[in-house]
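Enquirer: Pasting data.cif here (mmCIF, C-alpha atoms):
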```cif
data_run
loop_
_atom_site.label_atom_id
_atom_site.label_comp_id
_atom_site.auth_asym_id
_atom_site.auth_seq_id
_atom_site.Cartn_x
_atom_site.Cartn_y
_atom_site.Cartn_z
CA MET A 1 -3.86 0.07 -16.34
CA ARG A 2 -4.35 3.57 -17.69
CA PHE A 3 -6.58 6.47 -16.70
CA SER A 4 -7.65 9.52 -18.67
CA PRO A 5 -6.87 13.02 -17.36
CA ASP A 6 -10.54 13.33 -16.45
CA ASP A 7 -10.33 10.08 -14.45
CA ILE A 8 -7.38 11.43 -12.48
CA ASP A 9 -8.95 14.87 -11.98
CA ALA A 10 -12.11 13.23 -10.62
CA ALA A 11 -10.09 11.03 -8.28
CA LEU A 12 -8.14 14.03 -7.01
CA ALA A 13 -11.40 15.88 -6.32
CA THR A 14 -12.87 12.91 -4.44
CA VAL A 15 -9.77 12.35 -2.35
CA ARG A 16 -9.14 16.01 -1.58
CA ALA A 17 -12.69 16.41 -0.32
CA ALA A 18 -11.63 14.11 2.53
CA LEU A 19 -7.92 14.79 3.05
CA PRO A 20 -5.22 17.23 1.94
CA PRO A 21 -2.23 16.14 -0.15
CA THR A 22 0.39 14.33 1.91
CA PRO A 23 3.93 15.72 1.94
CA GLN A 24 7.09 14.49 0.24
CA TYR A 25 10.24 15.47 2.05
CA ARG A 26 13.99 15.14 1.74
CA TRP A 27 15.77 14.11 4.95
CA PRO A 28 19.53 14.82 5.07
CA LEU A 29 20.44 11.93 7.39
CA LEU A 30 18.49 9.52 5.21
CA GLU A 31 20.26 10.85 2.13
CA GLN A 32 23.59 10.21 3.83
CA ALA A 33 22.55 6.60 4.43
CA LEU A 34 21.51 6.05 0.80
CA GLY A 35 24.16 8.15 -0.92
CA GLY A 36 21.85 10.23 -3.07
CA GLU A 37 19.00 12.74 -3.22
CA THR A 38 16.05 10.97 -1.61
CA TRP A 39 12.38 11.92 -1.52
CA VAL A 40 9.99 10.20 0.88
CA LYS A 41 6.26 10.18 0.11
CA HIS A 42 4.59 10.30 3.52
CA GLU A 43 1.40 8.30 3.19
CA ASN A 44 1.72 7.61 6.90
CA HIS A 45 0.25 11.13 7.27
CA THR A 46 -3.28 10.29 5.99
CA PRO A 47 -6.25 10.20 8.40
CA VAL A 48 -5.94 6.40 8.70
CA GLY A 49 -2.15 6.37 8.68
CA ALA A 50 -1.79 4.66 5.29
CA PHE A 51 -2.18 5.15 1.54
CA LYS A 52 -5.14 2.79 1.20
CA VAL A 53 -7.66 5.44 2.29
CA ARG A 54 -7.46 7.00 -1.17
CA GLY A 55 -8.69 3.84 -2.87
CA GLY A 56 -11.51 3.35 -0.41
CA LEU A 57 -12.75 6.86 -1.11
CA THR A 58 -12.80 6.50 -4.89
CA TYR A 59 -14.20 2.96 -4.82
CA LEU A 60 -17.16 3.85 -2.62
CA ASP A 61 -17.78 7.09 -4.52
CA TRP A 62 -17.95 5.00 -7.71
CA LEU A 63 -20.14 2.38 -6.01
CA ARG A 64 -22.66 4.95 -4.77
CA ARG A 65 -22.93 6.45 -8.27
CA THR A 66 -23.20 3.16 -10.15
CA GLN A 67 -24.99 0.91 -7.63
CA PRO A 68 -26.93 3.21 -5.29
CA GLU A 69 -28.97 0.29 -3.99
CA VAL A 70 -25.96 -1.16 -2.15
CA ARG A 71 -26.15 -0.47 1.58
CA HIS A 72 -23.71 -3.03 3.02
CA VAL A 73 -20.20 -3.88 1.82
CA ILE A 74 -17.73 -6.56 2.86
CA SER A 75 -14.04 -7.06 2.31
CA ALA A 76 -10.95 -8.75 3.77
CA THR A 77 -7.79 -7.12 5.01
CA ARG A 78 -4.72 -7.21 7.23
CA GLY A 79 -5.71 -3.72 8.33
CA ASN A 80 -5.09 -0.70 6.13
CA HIS A 81 -7.50 -1.66 3.34
CA GLY A 82 -10.14 -2.32 6.00
CA GLN A 83 -9.58 1.08 7.56
CA SER A 84 -9.93 2.69 4.14
CA ILE A 85 -13.27 0.96 3.59
CA GLY A 86 -14.48 1.87 7.07
CA PHE A 87 -13.44 5.50 6.63
CA ALA A 88 -15.19 5.84 3.26
CA ALA A 89 -18.26 3.80 4.22
CA ARG A 90 -18.90 6.08 7.18
CA ARG A 91 -18.80 9.12 4.86
CA HIS A 92 -21.47 7.51 2.67
CA GLY A 93 -23.64 6.11 5.47
CA LEU A 94 -22.95 2.48 4.49
CA ARG A 95 -22.46 -0.58 6.67
CA ALA A 96 -19.10 -2.28 6.35
CA THR A 97 -18.05 -5.77 7.42
CA ILE A 98 -14.35 -6.58 7.35
CA VAL A 99 -12.81 -10.04 7.72
CA VAL A 100 -9.31 -10.34 9.18
CA PRO A 101 -7.26 -13.44 9.98
CA HIS A 102 -6.76 -14.59 13.57
CA GLY A 103 -3.74 -12.96 15.14
CA ASN A 104 -4.16 -9.76 13.14
CA SER A 105 -2.75 -6.46 14.42
CA VAL A 106 -4.55 -5.56 17.64
CA GLU A 107 -4.26 -1.84 16.97
CA LYS A 108 -5.42 -2.07 13.35
CA ASN A 109 -8.42 -4.10 14.50
CA ALA A 110 -9.22 -1.45 17.11
CA ALA A 111 -8.91 1.32 14.51
CA MET A 112 -11.34 -0.44 12.18
CA ARG A 113 -13.89 -0.94 14.95
CA ALA A 114 -13.56 2.74 15.88
CA LEU A 115 -14.55 3.59 12.29
CA GLY A 116 -17.78 1.61 12.75
CA VAL A 117 -16.67 -1.56 10.99
CA GLU A 118 -18.16 -4.93 11.96
CA LEU A 119 -15.01 -7.03 12.36
CA ILE A 120 -14.94 -10.80 11.83
CA GLU A 121 -11.85 -12.90 12.57
CA HIS A 122 -11.44 -15.97 10.40
CA GLY A 123 -8.60 -18.14 9.15
CA GLU A 124 -4.87 -18.12 9.65
CA ASP A 125 -3.83 -15.74 6.86
CA PHE A 126 -5.17 -13.08 4.51
CA GLN A 127 -6.21 -15.52 1.78
CA ALA A 128 -8.35 -17.52 4.20
CA ALA A 129 -9.99 -14.30 5.38
CA ALA A 130 -10.59 -13.23 1.77
CA ASP A 131 -12.18 -16.57 0.91
CA HIS A 132 -14.49 -16.27 3.93
CA ALA A 133 -15.47 -12.72 2.92
CA ALA A 134 -16.38 -14.01 -0.54
CA ALA A 135 -18.51 -16.79 1.00
CA LEU A 136 -20.31 -14.34 3.30
CA ALA A 137 -20.96 -11.97 0.41
CA GLU A 138 -22.56 -14.78 -1.58
CA ALA A 139 -24.62 -16.09 1.34
CA GLN A 140 -25.85 -12.70 2.59
CA GLY A 141 -26.11 -10.78 -0.68
CA LEU A 142 -23.43 -8.26 0.25
CA HIS A 143 -21.26 -6.27 -2.11
CA ARG A 144 -17.71 -7.62 -1.85
CA ILE A 145 -14.87 -5.16 -2.34
CA PRO A 146 -11.74 -6.91 -3.67
CA SER A 147 -8.18 -6.01 -2.73
CA PHE A 148 -7.26 -5.15 -6.31
CA HIS A 149 -9.70 -3.22 -8.50
CA ARG A 150 -9.52 -0.42 -11.03
CA GLU A 151 -11.35 2.01 -8.75
CA LEU A 152 -9.03 1.28 -5.83
CA VAL A 153 -6.03 1.86 -8.09
CA ARG A 154 -7.52 5.10 -9.45
CA GLY A 155 -7.72 6.51 -5.93
CA VAL A 156 -4.22 5.49 -4.89
CA THR A 157 -2.85 6.96 -8.13
CA THR A 158 -3.51 10.38 -6.61
CA ALA A 159 -0.69 9.81 -4.10
CA TYR A 160 1.87 9.27 -6.83
CA VAL A 161 0.51 12.10 -8.98
CA GLU A 162 1.14 14.38 -5.99
CA PHE A 163 4.61 12.89 -5.60
CA PHE A 164 5.70 13.14 -9.23
CA GLU A 165 4.31 16.65 -9.72
CA ALA A 166 5.98 17.91 -6.53
CA THR A 167 9.36 16.37 -7.32
CA LYS A 168 9.22 17.61 -10.92
CA ALA A 169 8.71 21.12 -9.60
CA ALA A 170 11.63 20.69 -7.19
CA GLY A 171 14.19 19.81 -9.84
CA GLY A 172 13.09 16.55 -11.40
CA ALA A 173 11.25 13.32 -10.71
CA PRO A 174 13.34 10.55 -9.12
CA ASP A 175 15.34 8.14 -11.25
CA VAL A 176 13.84 5.26 -9.28
CA LEU A 177 10.85 4.78 -6.99
CA PHE A 178 10.63 1.85 -4.55
CA VAL A 179 7.04 0.70 -3.93
CA PRO A 180 5.96 -2.06 -1.49
CA ILE A 181 3.76 -4.80 -2.95
CA GLY A 182 0.98 -6.68 -1.19
CA MET A 183 -1.75 -7.39 -3.74
CA GLY A 184 -0.32 -4.74 -6.06
CA SER A 185 -2.65 -1.72 -6.02
CA GLY A 186 0.18 0.57 -4.92
CA PHE A 187 2.48 -0.59 -7.69
CA ALA A 188 -0.27 -0.26 -10.31
CA SER A 189 -1.01 3.24 -9.05
CA ALA A 190 2.61 4.32 -9.32
CA VAL A 191 2.68 3.06 -12.91
CA ALA A 192 -0.52 4.94 -13.77
CA ALA A 193 0.76 8.16 -12.19
CA ARG A 194 4.06 7.86 -14.03
CA ALA A 195 2.20 7.74 -17.33
CA HIS A 196 -0.14 10.57 -16.34
CA CYS A 197 2.72 12.85 -15.24
CA GLY A 198 4.97 12.01 -18.18
CA VAL A 199 8.03 11.06 -16.13
CA ALA A 200 10.60 8.35 -16.80
CA THR A 201 11.06 7.13 -13.22
CA ARG A 202 11.87 3.44 -12.98
CA ILE A 203 9.64 1.59 -10.53
CA VAL A 204 11.02 -1.19 -8.34
CA GLY A 205 8.48 -3.35 -6.54
CA VAL A 206 9.30 -4.67 -3.08
CA VAL A 207 7.96 -7.92 -1.64
CA SER A 208 8.61 -9.73 1.61
CA ALA A 209 11.12 -12.57 1.37
CA HIS A 210 8.72 -14.44 3.66
CA ALA A 211 5.74 -13.88 1.31
CA ASP A 212 7.23 -14.03 -2.17
CA ALA A 213 4.33 -15.36 -4.25
CA CYS A 214 4.31 -12.17 -6.35
CA LEU A 215 8.05 -12.43 -6.96
CA GLN A 216 7.82 -16.08 -8.01
CA SER A 217 4.85 -15.29 -10.26
CA TRP A 218 6.67 -12.31 -11.79
CA ARG A 219 9.68 -14.45 -12.58
CA SER A 220 7.80 -17.46 -13.95
CA GLY A 221 4.91 -15.81 -15.78
CA VAL A 222 2.36 -18.08 -14.07
CA LEU A 223 0.53 -17.53 -10.79
CA VAL A 224 2.38 -19.15 -7.92
CA GLU A 225 0.92 -19.69 -4.47
CA ALA A 226 3.46 -19.50 -1.65
CA PRO A 227 3.30 -19.30 2.16
CA ALA A 228 3.04 -15.87 3.75
CA THR A 229 5.00 -16.11 6.99
CA THR A 230 6.30 -12.57 7.48
CA ARG A 231 5.89 -11.49 11.07
CA ILE A 232 6.55 -7.81 10.63
CA ALA A 233 5.28 -6.82 7.15
CA ASP A 234 1.63 -7.83 7.36
CA GLY A 235 0.67 -5.45 4.54
CA MET A 236 2.80 -7.56 2.18
CA ALA A 237 1.55 -10.98 3.35
CA CYS A 238 0.19 -12.16 -0.01
CA ARG A 239 -0.18 -15.94 -0.44
CA LEU A 240 -1.95 -15.90 -3.83
CA PRO A 241 -1.39 -12.97 -6.23
CA VAL A 242 -3.92 -11.39 -8.59
CA ALA A 243 -3.34 -12.26 -12.26
CA ASP A 244 -3.92 -8.72 -13.58
CA SER A 245 -1.58 -7.29 -10.97
CA VAL A 246 1.23 -9.70 -11.83
CA ALA A 247 0.78 -9.05 -15.55
CA LEU A 248 1.21 -5.32 -14.90
CA MET A 249 4.34 -5.95 -12.83
CA ARG A 250 5.82 -8.05 -15.62
CA ALA A 251 5.14 -5.29 -18.12
CA GLU A 252 6.21 -2.28 -16.07
CA ALA A 253 8.58 -3.17 -13.22
CA GLU A 254 12.24 -2.28 -13.45
CA ASP A 255 12.80 -5.03 -10.89
CA LEU A 256 11.20 -6.83 -7.96
CA VAL A 257 13.22 -7.04 -4.76
CA ALA A 258 12.64 -9.32 -1.76
CA VAL A 259 13.46 -8.01 1.73
CA THR A 260 13.66 -10.04 4.93
CA ASP A 261 11.92 -9.19 8.18
CA ASP A 262 15.28 -8.28 9.71
CA GLU A 263 16.01 -5.91 6.80
CA VAL A 264 12.58 -4.34 7.25
CA ALA A 265 13.14 -3.94 10.99
CA ALA A 266 16.46 -2.19 10.30
CA ALA A 267 14.68 0.12 7.85
CA MET A 268 11.99 0.91 10.43
CA ARG A 269 14.72 1.90 12.88
CA LEU A 270 16.48 4.00 10.24
CA PHE A 271 13.29 5.82 9.26
CA TYR A 272 12.70 6.63 12.92
CA ALA A 273 16.27 7.73 13.58
CA THR A 274 16.61 9.89 10.45
CA THR A 275 13.09 11.33 10.11
CA HIS A 276 11.33 10.58 13.42
CA ASN A 277 8.52 9.05 11.38
CA LEU A 278 6.89 5.79 12.38
CA ALA A 279 6.85 3.25 9.55
CA GLU A 280 5.03 -0.06 9.74
CA GLY A 281 6.72 -3.08 8.20
CA ALA A 282 5.29 -2.69 4.72
CA GLY A 283 5.82 1.06 4.96
CA ALA A 284 9.54 0.59 5.60
CA ALA A 285 10.01 -2.05 2.89
CA SER A 286 10.84 0.59 0.28
CA LEU A 287 13.77 1.80 2.37
CA ALA A 288 14.88 -1.77 3.07
CA ALA A 289 15.05 -2.40 -0.68
CA ALA A 290 16.85 0.88 -1.36
CA LEU A 291 19.47 -0.04 1.23
CA GLN A 292 19.84 -3.46 -0.36
CA GLN A 293 20.38 -1.82 -3.77
CA ARG A 294 22.36 1.16 -2.45
CA GLY A 295 25.32 0.58 -4.77
CA ARG A 296 23.12 0.46 -7.85
CA TRP A 297 21.42 3.82 -7.21
CA ALA A 298 24.09 5.79 -5.35
CA GLY A 299 24.31 9.34 -6.64
CA ARG A 300 20.88 9.14 -8.28
CA ARG A 301 17.52 10.59 -7.30
CA ILE A 302 15.64 8.04 -5.18
CA GLY A 303 11.96 7.90 -4.25
CA LEU A 304 10.61 5.95 -1.27
CA ALA A 305 6.93 5.24 -0.67
CA LEU A 306 6.40 5.25 3.10
CA THR A 307 3.01 3.66 2.66
CA GLY A 308 1.86 3.44 6.27
CA GLY A 309 2.71 3.85 9.92
CA ASN A 310 0.27 1.46 11.58
CA VAL A 311 2.35 -0.88 13.72
CA ASP A 312 1.39 -2.23 17.13
CA ALA A 313 3.34 -0.56 19.94
CA PRO A 314 4.80 -3.79 21.44
CA LEU A 315 6.13 -4.87 18.03
CA PHE A 316 7.65 -1.45 17.36
CA ALA A 317 9.28 -1.50 20.79
CA GLU A 318 10.82 -4.86 19.89
CA VAL A 319 12.02 -3.44 16.57
CA LEU A 320 13.59 -0.39 18.25
CA ALA A 321 15.36 -2.65 20.74
CA GLY A 322 17.23 -4.23 17.83
CA GLY A 323 18.50 -7.76 17.47
CA LYS A 324 16.83 -10.66 15.70
CA LEU A 325 13.06 -10.67 15.74
CA ALA A 326 11.36 -13.41 17.70
CA VAL A 327 9.49 -15.94 15.57
#
```
Rewrite the structure from the file as structure tokens, please.
Expert:
Amino acid sequence: MRFSPDDIDAALATVRAALPPTPQYRWPLLEQALGGETWVKHENHTPVGAFKVRGGLTYLDWLRRTQPEVRHVISATRGNHGQSIGFAARRHGLRATIVVPHGNSVEKNAAMRALGVELIEHGEDFQAAADHAAALAEAQGLHRIPSFHRELVRGVTTAYVEFFEATKAAGGAPDVLFVPIGMGSGFASAVAARAHCGVATRIVGVVSAHADACLQSWRSGVLVEAPATTRIADGMACRLPVADSVALMRAEAEDLVAVTDDEVAAAMRLFYATTHNLAEGAGAASLAAALQQRGRWAGRRIGLALTGGNVDAPLFAEVLAGGKLAV
């Protein structure tokens, strides 16, 4: 997926009308843990606490320009995508219905409702919620926003353009960037920004070992459906990947790495101890993968996408307490 300079400039203008650039910092204690210069892109600092807000802004800006008759949108989420749609829909005066699975994050659900979203709980996982959203869109004549779309990717690309331009100015873009993968918009955005900024950074995608459909599909070249049983990394709980997303991963990924819930929990604790930043499970997956591959990248420049900080307080308390996570 490629974007012209004008596409990127327009996305930057749309996003920056709603939020300033997020920072990228080096943290000495984190660099000690990884054995190399390390830059963290802090997408946990957006107004909804996650990178997804950028895609919601560009998607709904595009929708209002191309389909001004649309007044009500619907989508499915585990939380951050839904917040992005709610945030952008409110700016455009649109109604937004979001479908989440039963047992979804209590605090993410509350955040979506606070943004004016009509929340519907359906099904036991994201795919069931997405199927129900599609059925409601068809039955009620609503515009359904998918989880992977060119306009969503264009918005999220702005995060990695900020990151690559800032690190280039500070001595050079990282040798490797670890990016968590749910449905793949973040990975696709990092690839697009790499091309736009003219850097040679290798991009490693990170999936949950308990939701590895993308990894199996990447390895086999055919779409594989697999259970999504991660307890802690809900933003990576993909049961059925998107074909275009997997094709891009196969063409552009340096590697795909699977991390367990216990590895993610350890990374959440390390982020907190070394930076005092709160990382949700998916947000800490990049660090979990970098720790897993520490020997491979020691002494190199490392980039970590801290993609979100939206974790329920009781779960984070359990993570901080250490030990094996309860099933």
Enquirer: Could you pull the residues within 12 Å of A:Pro68, counting only C-alpha atoms, minus those fewer than 6 positions along the same chain, as a CSV table (one decimal) with C-alpha atoms, keeping the file's coordinate frame?
Expert:
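Result file follows (selection_27.csv):
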```
chain,number,residue,atom,x,y,z
A,60,LEU,CA,-17.2,3.8,-2.6
A,61,ASP,CA,-17.8,7.1,-4.5
A,62,TRP,CA,-18.0,5.0,-7.7
A,92,HIS,CA,-21.5,7.5,2.7
A,93,GLY,CA,-23.6,6.1,5.5
A,94,LEU,CA,-23.0,2.5,4.5
A,143,HIS,CA,-21.3,-6.3,-2.1
```
Enquirer: For the file shown, report as an MDAnalysis selection string the outcome of the PyMOL selection byres ((chain A and resi 129-137) around 12) at residue level.
Expert: chainID A and resid 72:79 82 96:104 119:128 138:148 183 238:240
Enquirer: Care to translate the PyMOL selection byres ((chain A and resi 307-310) around 8) into actual residues of this file, as a ChimeraX atom specification?
Expert: /A:41-45,49-51,80,107-108,180,277-280,282-284,305-306,311-312
Enquirer: Using atom CA of A:Ser208 and atom CA of A:Leu256 as the two end points, give the distance in Å to one decimal.
Expert: 10.3 Å
Enquirer: Name all residues at most 9 Å from A:Ala267 (count all atoms listed in the file; drop same-chain ones fewer than 2 positions away) and give them as a list in words.
Expert: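 After dropping sequence-adjacent residues, the list is Asp262, Glu263, Val264, Ala265, Arg269, Leu270, Phe271, Tyr272, Ala279, Gly281, Ala284, Ala285, Ser286, Leu287, Ala288, Ala289 and Leu291 of chain A.
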Enquirer: Which is closest to A:Val199 among A:Arg65, A:Lys168, A:Arg90, A:Arg300, if we use all atoms listed in the file?
Expert: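 Among A:Arg65, A:Lys168, A:Arg90, A:Arg300, it is A:Lys168 that comes nearest to A:Val199.
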